[in-house]
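> The structure's right below; bear with me while I get my questions together.
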Amino acid sequence: MWKWLHPYAKAETTYKLCYRLLPYFSWLAVITLVSGSIWGLFYAPSDYQQGDSFRIIYFHVPTAIWSMGAYTSMAICGLIGIVWQIRNAELAVYAIAPVGAAFTFLALISGAIWGKPMWGAWWVWDARLTSELILLFLYLGVIALYNSFEDKRTAARASSILAIVGVINVPIIHYSVEWWNTLHQGASITKFDKPSISPDMLWPLLLNISGFLFVLAALVCLRLANQILINDARRPWVKAMVSEKTNKAEQSKNRATLADKE
Amino acid sequence: MLEVQGLTCFRQNRCLFADLNFVLSEHQICQIEGPNGAGKSTLLRAILGLFRADEGQIIWSGKSTTQQAELFLQQVFFLGHKFAINSDLTPWQNLEFWSALNPTQNDDFASALTKVGLTGLEHIPCHSLSAGQHRRVALARLWLTNTKLWVLDEPFTAIDKSGVQLLQQRFNSHLTSGGMILLTSHQDLSQEFTQLHTIKLTDNTGEII
Amino acid sequence: MNNLSTSKPLSYWSAFKSIFIREIKLAWQKPTQLVQPVVFFLIVVTLFPLGISPAPKTLQMIGPGVIWIAAILAIMLVVERLFRQDFQEGTIEAWLLSTVPMSLLVGAKLLAAWFISCSVLVLITPVLALLMNIETHVIPALMLSLMVGTPILLFVGAIGNALTVGLNQGGVLLSLLVLPLYIPVLIFATSLIEAATLNMSYTGQMSILISMLLVSCFFAPVAIAAALKNTVN
């Protein structure tokens with residue numbers, strides 16, 4: 001059943017696939033994000049309780065969702081890489097990590113921005129924000145581990161193992177932090193309750209959620225292609241590709257100079 | 001019989017050797033030569049599975065070592081650069097703990113240590129011994145092991161002339177009884193061993209002689 | 001003289017026992033290494049009253065958390081050294097080449113480390129409870145939480161050590177990797193102690209800690225084996 005995936009174990013095939021998919025993801029990202037954000041920021045009705053400040057959820061919720069989603073997919077890639085010995089999957093771990101970390105960071109910032117008008121403080125030890133903070137540390141750990149190794153294959157394998165260990169912990173951390181929060185709850189409501197969502201508010205949110213997914217996919221494609229290139233720099237297929245491109249460039253340069261002469 | 005097929009190793013994006021093929025049969029000894037950093041140790045480690053090769057297969061007795069690892073490891077003795085001697089334990093204890101993890105023919109640590117010239121030092125912590133004596137404790141294992149394939153990384157380092165002779169005698173007796181040896185060394189072994197094969201690792205690829 | 005066919009059979013149990021005994025012997029020879037984490041534990045706990053306030057009520061409030069955080073830091077010291085010597089001497093490679101499964105050998109080492117390091121940390125807790133003005137009826141709960149919790153910290157920390165032991169800087173990176181993973185243990189253990197302080201039942205937190213311990217018991221050796229195999233690359 002998985003035979004159609006076999007060619008993608010080769011670096012070159014995956015590299016080409018990344019670049020083929022990139023334009024689709026990028027355009028979809030732009031379209032959905034722009035339409036979702038404009039709709040959400042300007043046209044969706046304002047919330048009965050929170051006024052206009054709730055609009056930050058159009059950025060906070062998608063980034064938070066995909067920060068966790070990215071970590072899970074990173075761990076799945078790591079698992080595939082280790083169990084089936086596929087190098088591309090291990091490289092994908094390092095491709096996803098910084099993007100996921102950036103999303104987590106954005107989720108934290110947007111969460112803080114949301115928190116300020118609600119509770120008057122830039123940071124509250126709310127369950128969701130605390131979980132996101134710990135998730136950020138997990139991401140930074142994976143990135144730091146990868147960068148500490150000289151040999152990048154060893155690095156990729158190590159960060160895959162760490163990602164898998166981390167993903168087992170993510171739900172545990174999530175629930176333990178939530179539970180901790182209920183123990184130490186102050187008088188005010190500390191959960192980021194989604195306001196009872198009316199369809200006018202829901203659609204832009206869904207648009208933005210898909211938008212951020214496409215951004216994630218596009219960036220990961222780009223990064224994975226780069227990582228494959230970096231790691232295979234001395235291999236014959238890369239050298240062939242480089243010389244092919246140099247030849248093409250020279251040919252077009254020659255044609256240009258010939259055209260000029262005429 | 002050990003078969004290496006199409007072995008390719010990269011280290012930090014540098015190709016050490018590509019598409020290396022050779023066969024090692026019983027009674028044969030093979031020496032891997034090459035300048036420092038050419039990848040001799042990496043080749044040994046890749047054969048053992050300690051280093052992840054990029055491409056290639058290692059076949060032992062007709063079965064791939066990745067699929068039948070236990071079958072292969074049961075028959076292998078390895079002495080690497082770092083020879084797994086704990087300096088806080090005595091030579092006797094070191095041999096004891098080693099033999100719990102590896103197939104041995106007997107428990108005669110005393111005679112093994114005598115063979116390598118460490119009589120009287122069996123129960124002194126290894127950190128009190130010299131570097132050469134340290135090595136001899138590891139080499140004592142050669143008289144205890146009963147595996148077929150010996151993989152040795154620079155076994156003659158820090159060993160004096162009589163020690164070298166002793167080792168070569170041991171190698172010969174191992175080869176006669178059907179064993180195989182794969183080693184790296186800067187020494188010239190062609191005098192002692194008639195059935196010597198060599199693999200030369202140069203900058204790019206290995207040549208087999 | 002050299003018989004390639006006979007050998008005494010390799011028993012997994014005797015290999016396991018042999019590694020366990022080896023670790024105990026090695027630890028016995030270096031008693032200072034045993035004592036260092038304990039003294040560190042003590043010193044860190046002492047810093048808190050000095051840095052915050054020695055008022056009895058304050059100490060009682062922050063006591064369980066402080067002791068647990070200090071325990072976490074002390075375990076980090078233990079865990080940092082876990083595989084270092086074995087890696088440098090080539091013992092890890094020897095273990096990888098043995099026909100005995102690596103997870104079993106790693107498990108033996110972890111079990112020995114549990115006995116050696118965690119027990120001494122737990123034994124000193126009554127003294128620390130005294131320093132932090134924790135009521136006597138809470139001390140059993142405190143010790144219980146450490147007894148169940150410190151092995152979890154040890155096993156998870158060992159994974160981090162196995163990943164980084166081949167690197168030069170190791171130490172700080174290890175803390176970055178492992179401390180976030182300790183947070184659930186910290187949360188449940190401190191809540192267990194607080195429940196005990198209020199004379200409430202803490203079986204809920206205890207069962208969660210025990211299940212975390214069982215999960216890490218079974219999965220840590222596997223993860224560590226994979227990490228060590230990668231480190232010797």
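Simple scheme: letters A, B, ... for chains in structure tokens order, numbers from 1 for residues in each chain, numbers from 1 for ligands in the order shown.
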If we count only C-alpha atoms, what is near Asn208 of chain A at a cut-off of 9 Å, once residues fewer than 6 positions away on the same chain are taken out, given as a list of chain:residue names?
A:Ala29, A:Thr32, A:Leu33, A:Val34, A:Ser35, A:Gly36, A:Ser37, A:Gly40, A:Tyr58, A:Phe59, A:Val61, A:Pro62
> Wanna dump the segment 125-200 of chain C-segment 71-86 of chain C contacts at 9 Å for me, each residue with its shortest atom pair and the distance in Å to one decimal, counting only C-alpha atoms, ordered by chain and number, as CSV?

residue,atom,partner,partner_atom,distance
C:Leu146,CA,C:Ala71,CA,8.2
C:Thr150,CA,C:Ile75,CA,7.4
C:Leu153,CA,C:Ile75,CA,6.9
C:Leu154,CA,C:Val79,CA,6.4
C:Phe155,CA,C:Val79,CA,8.6
C:Gly157,CA,C:Val79,CA,5.8
C:Ala158,CA,C:Val79,CA,5.8
C:Gly160,CA,C:Val79,CA,8.4
C:Asn161,CA,C:Glu80,CA,6.0
C:Ala162,CA,C:Phe83,CA,6.7
C:Val165,CA,C:Arg84,CA,5.9
C:Gly166,CA,C:Arg84,CA,8.1
C:Gly170,CA,C:Glu80,CA,7.9
C:Gly171,CA,C:Glu80,CA,6.3
C:Leu174,CA,C:Glu80,CA,7.4
C:Ser175,CA,C:Met76,CA,7.1
C:Val178,CA,C:Met76,CA,8.7
C:Leu179,CA,C:Ile72,CA,8.3
C:Tyr182,CA,C:Ile72,CA,7.9
C:Leu186,CA,C:Ile72,CA,8.5
> The selected residues should be written to file as a JSON list (two decimals), in the first residue's frame (atoms: N, CA and C atoms).

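Below you can see result32.json, which holds the result:
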[["chain", "number", "residue", "atom", "x", "y", "z"],
["C", 146, "LEU", "N", 9.19, 11.95, 46.86],
["C", 146, "LEU", "CA", 10.55, 11.91, 46.32],
["C", 146, "LEU", "C", 10.94, 10.50, 45.91],
["C", 150, "THR", "N", 11.83, 10.95, 42.13],
["C", 150, "THR", "CA", 13.23, 11.05, 41.70],
["C", 150, "THR", "C", 13.62, 10.00, 40.67],
["C", 153, "LEU", "N", 12.67, 11.40, 37.37],
["C", 153, "LEU", "CA", 13.62, 12.43, 36.96],
["C", 153, "LEU", "C", 14.91, 11.78, 36.45],
["C", 154, "LEU", "N", 15.34, 10.73, 37.15],
["C", 154, "LEU", "CA", 16.57, 10.05, 36.76],
["C", 154, "LEU", "C", 16.45, 9.45, 35.38],
["C", 155, "PHE", "N", 15.35, 8.73, 35.13],
["C", 155, "PHE", "CA", 15.21, 8.04, 33.85],
["C", 155, "PHE", "C", 15.09, 9.03, 32.70],
["C", 157, "GLY", "N", 16.05, 12.14, 32.69],
["C", 157, "GLY", "CA", 17.33, 12.83, 32.57],
["C", 157, "GLY", "C", 18.37, 11.98, 31.87],
["C", 158, "ALA", "N", 18.30, 10.67, 32.11],
["C", 158, "ALA", "CA", 19.25, 9.77, 31.45],
["C", 158, "ALA", "C", 19.08, 9.81, 29.95],
["C", 160, "GLY", "N", 18.24, 12.43, 28.25],
["C", 160, "GLY", "CA", 18.94, 13.64, 27.84],
["C", 160, "GLY", "C", 20.44, 13.44, 27.83],
["C", 161, "ASN", "N", 20.96, 12.76, 28.85],
["C", 161, "ASN", "CA", 22.39, 12.52, 28.91],
["C", 161, "ASN", "C", 22.85, 11.63, 27.77],
["C", 162, "ALA", "N", 22.04, 10.61, 27.47],
["C", 162, "ALA", "CA", 22.41, 9.70, 26.37],
["C", 162, "ALA", "C", 22.48, 10.45, 25.05],
["C", 165, "VAL", "N", 25.87, 13.05, 25.50],
["C", 165, "VAL", "CA", 27.14, 12.69, 26.15],
["C", 165, "VAL", "C", 28.34, 12.81, 25.21],
["C", 166, "GLY", "N", 28.09, 12.74, 23.91],
["C", 166, "GLY", "CA", 29.20, 12.84, 22.99],
["C", 166, "GLY", "C", 29.64, 14.26, 22.70],
["C", 170, "GLY", "N", 27.75, 19.61, 26.54],
["C", 170, "GLY", "CA", 26.86, 18.79, 27.34],
["C", 170, "GLY", "C", 25.99, 19.41, 28.40],
["C", 171, "GLY", "N", 26.61, 19.83, 29.50],
["C", 171, "GLY", "CA", 25.86, 20.19, 30.71],
["C", 171, "GLY", "C", 24.69, 21.12, 30.59],
["C", 174, "LEU", "N", 21.97, 19.88, 28.33],
["C", 174, "LEU", "CA", 21.20, 18.82, 28.98],
["C", 174, "LEU", "C", 20.06, 19.40, 29.80],
["C", 175, "SER", "N", 20.37, 20.46, 30.58],
["C", 175, "SER", "CA", 19.32, 21.07, 31.40],
["C", 175, "SER", "C", 18.21, 21.64, 30.53],
["C", 178, "VAL", "N", 15.99, 18.80, 29.30],
["C", 178, "VAL", "CA", 15.32, 17.91, 30.24],
["C", 178, "VAL", "C", 14.39, 18.63, 31.21],
["C", 179, "LEU", "N", 14.74, 19.85, 31.61],
["C", 179, "LEU", "CA", 13.91, 20.54, 32.60],
["C", 179, "LEU", "C", 12.45, 20.71, 32.20],
["C", 182, "TYR", "N", 10.45, 17.78, 33.13],
["C", 182, "TYR", "CA", 10.26, 17.51, 34.55],
["C", 182, "TYR", "C", 9.03, 18.20, 35.13],
["C", 186, "LEU", "N", 6.97, 17.74, 38.81],
["C", 186, "LEU", "CA", 7.00, 18.80, 39.82],
["C", 186, "LEU", "C", 5.59, 19.18, 40.25]]
> Define the interface residues of chain C facing chain B as those within 9 Å, counting only C-alpha atoms, and report them as JSON, numbers by chain.
{"C": [2, 3, 4, 5, 6, 7, 8, 9, 10, 11, 12, 14, 15, 16, 18, 19, 22, 25, 26, 29, 85, 86, 87, 88, 89, 90, 91, 92, 93, 94, 95, 96, 97, 98, 99, 100, 229, 230, 232, 233]}
> I need the residues of segment 110-228 of chain A that end up classed as alpha helix (DSSP H) by DSSP on the backbone, written out as a ChimeraX atom specification.
/A:110-119,127-148,152-183,199-228
> For Leu198 of chain C, please output as a PyMOL selection string all residues within 12 Å (counting only C-alpha atoms; exclusion window: fewer than 5 positions along the same chain).
chain C and resi 60-61+134-135+137-138+141+191-193
> Write the residues you've just listed into a file as a PDB file, in the first residue's frame, and include N, CA and C atoms for each of them.

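Output below, filename part_0.pdb:
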ATOM      1  N   GLN C  60       6.736  27.515  55.244  1.00  0.00           N
ATOM      2  CA  GLN C  60       5.767  26.430  55.141  1.00  0.00           C
ATOM      3  C   GLN C  60       5.083  26.429  53.783  1.00  0.00           C
ATOM      4  N   MET C  61       4.849  27.691  53.287  1.00  0.00           N
ATOM      5  CA  MET C  61       4.149  27.785  52.014  1.00  0.00           C
ATOM      6  C   MET C  61       5.031  27.348  50.862  1.00  0.00           C
ATOM      7  N   ILE C 134       8.423  22.357  57.730  1.00  0.00           N
ATOM      8  CA  ILE C 134       7.310  21.532  57.265  1.00  0.00           C
ATOM      9  C   ILE C 134       6.868  20.651  58.426  1.00  0.00           C
ATOM     10  N   GLU C 135       5.550  20.565  58.619  1.00  0.00           N
ATOM     11  CA  GLU C 135       5.034  19.818  59.769  1.00  0.00           C
ATOM     12  C   GLU C 135       5.396  18.339  59.687  1.00  0.00           C
ATOM     13  N   HIS C 137       3.777  15.644  60.284  1.00  0.00           N
ATOM     14  CA  HIS C 137       2.885  14.643  59.695  1.00  0.00           C
ATOM     15  C   HIS C 137       2.959  14.647  58.161  1.00  0.00           C
ATOM     16  N   VAL C 138       3.625  15.670  57.615  1.00  0.00           N
ATOM     17  CA  VAL C 138       3.738  15.754  56.156  1.00  0.00           C
ATOM     18  C   VAL C 138       4.970  15.015  55.659  1.00  0.00           C
ATOM     19  N   ALA C 141       4.700  11.871  53.476  1.00  0.00           N
ATOM     20  CA  ALA C 141       4.231  12.175  52.114  1.00  0.00           C
ATOM     21  C   ALA C 141       5.358  12.774  51.290  1.00  0.00           C
ATOM     22  N   SER C 191       1.765  19.070  44.529  1.00  0.00           N
ATOM     23  CA  SER C 191       0.354  19.067  44.901  1.00  0.00           C
ATOM     24  C   SER C 191       0.070  17.928  45.883  1.00  0.00           C
ATOM     25  N   LEU C 192       0.780  16.820  45.725  1.00  0.00           N
ATOM     26  CA  LEU C 192       0.637  15.704  46.659  1.00  0.00           C
ATOM     27  C   LEU C 192       1.001  16.149  48.065  1.00  0.00           C
ATOM     28  N   ILE C 193       2.103  16.870  48.180  1.00  0.00           N
ATOM     29  CA  ILE C 193       2.562  17.301  49.499  1.00  0.00           C
ATOM     30  C   ILE C 193       1.598  18.314  50.095  1.00  0.00           C
TER      31      ILE C 193
END
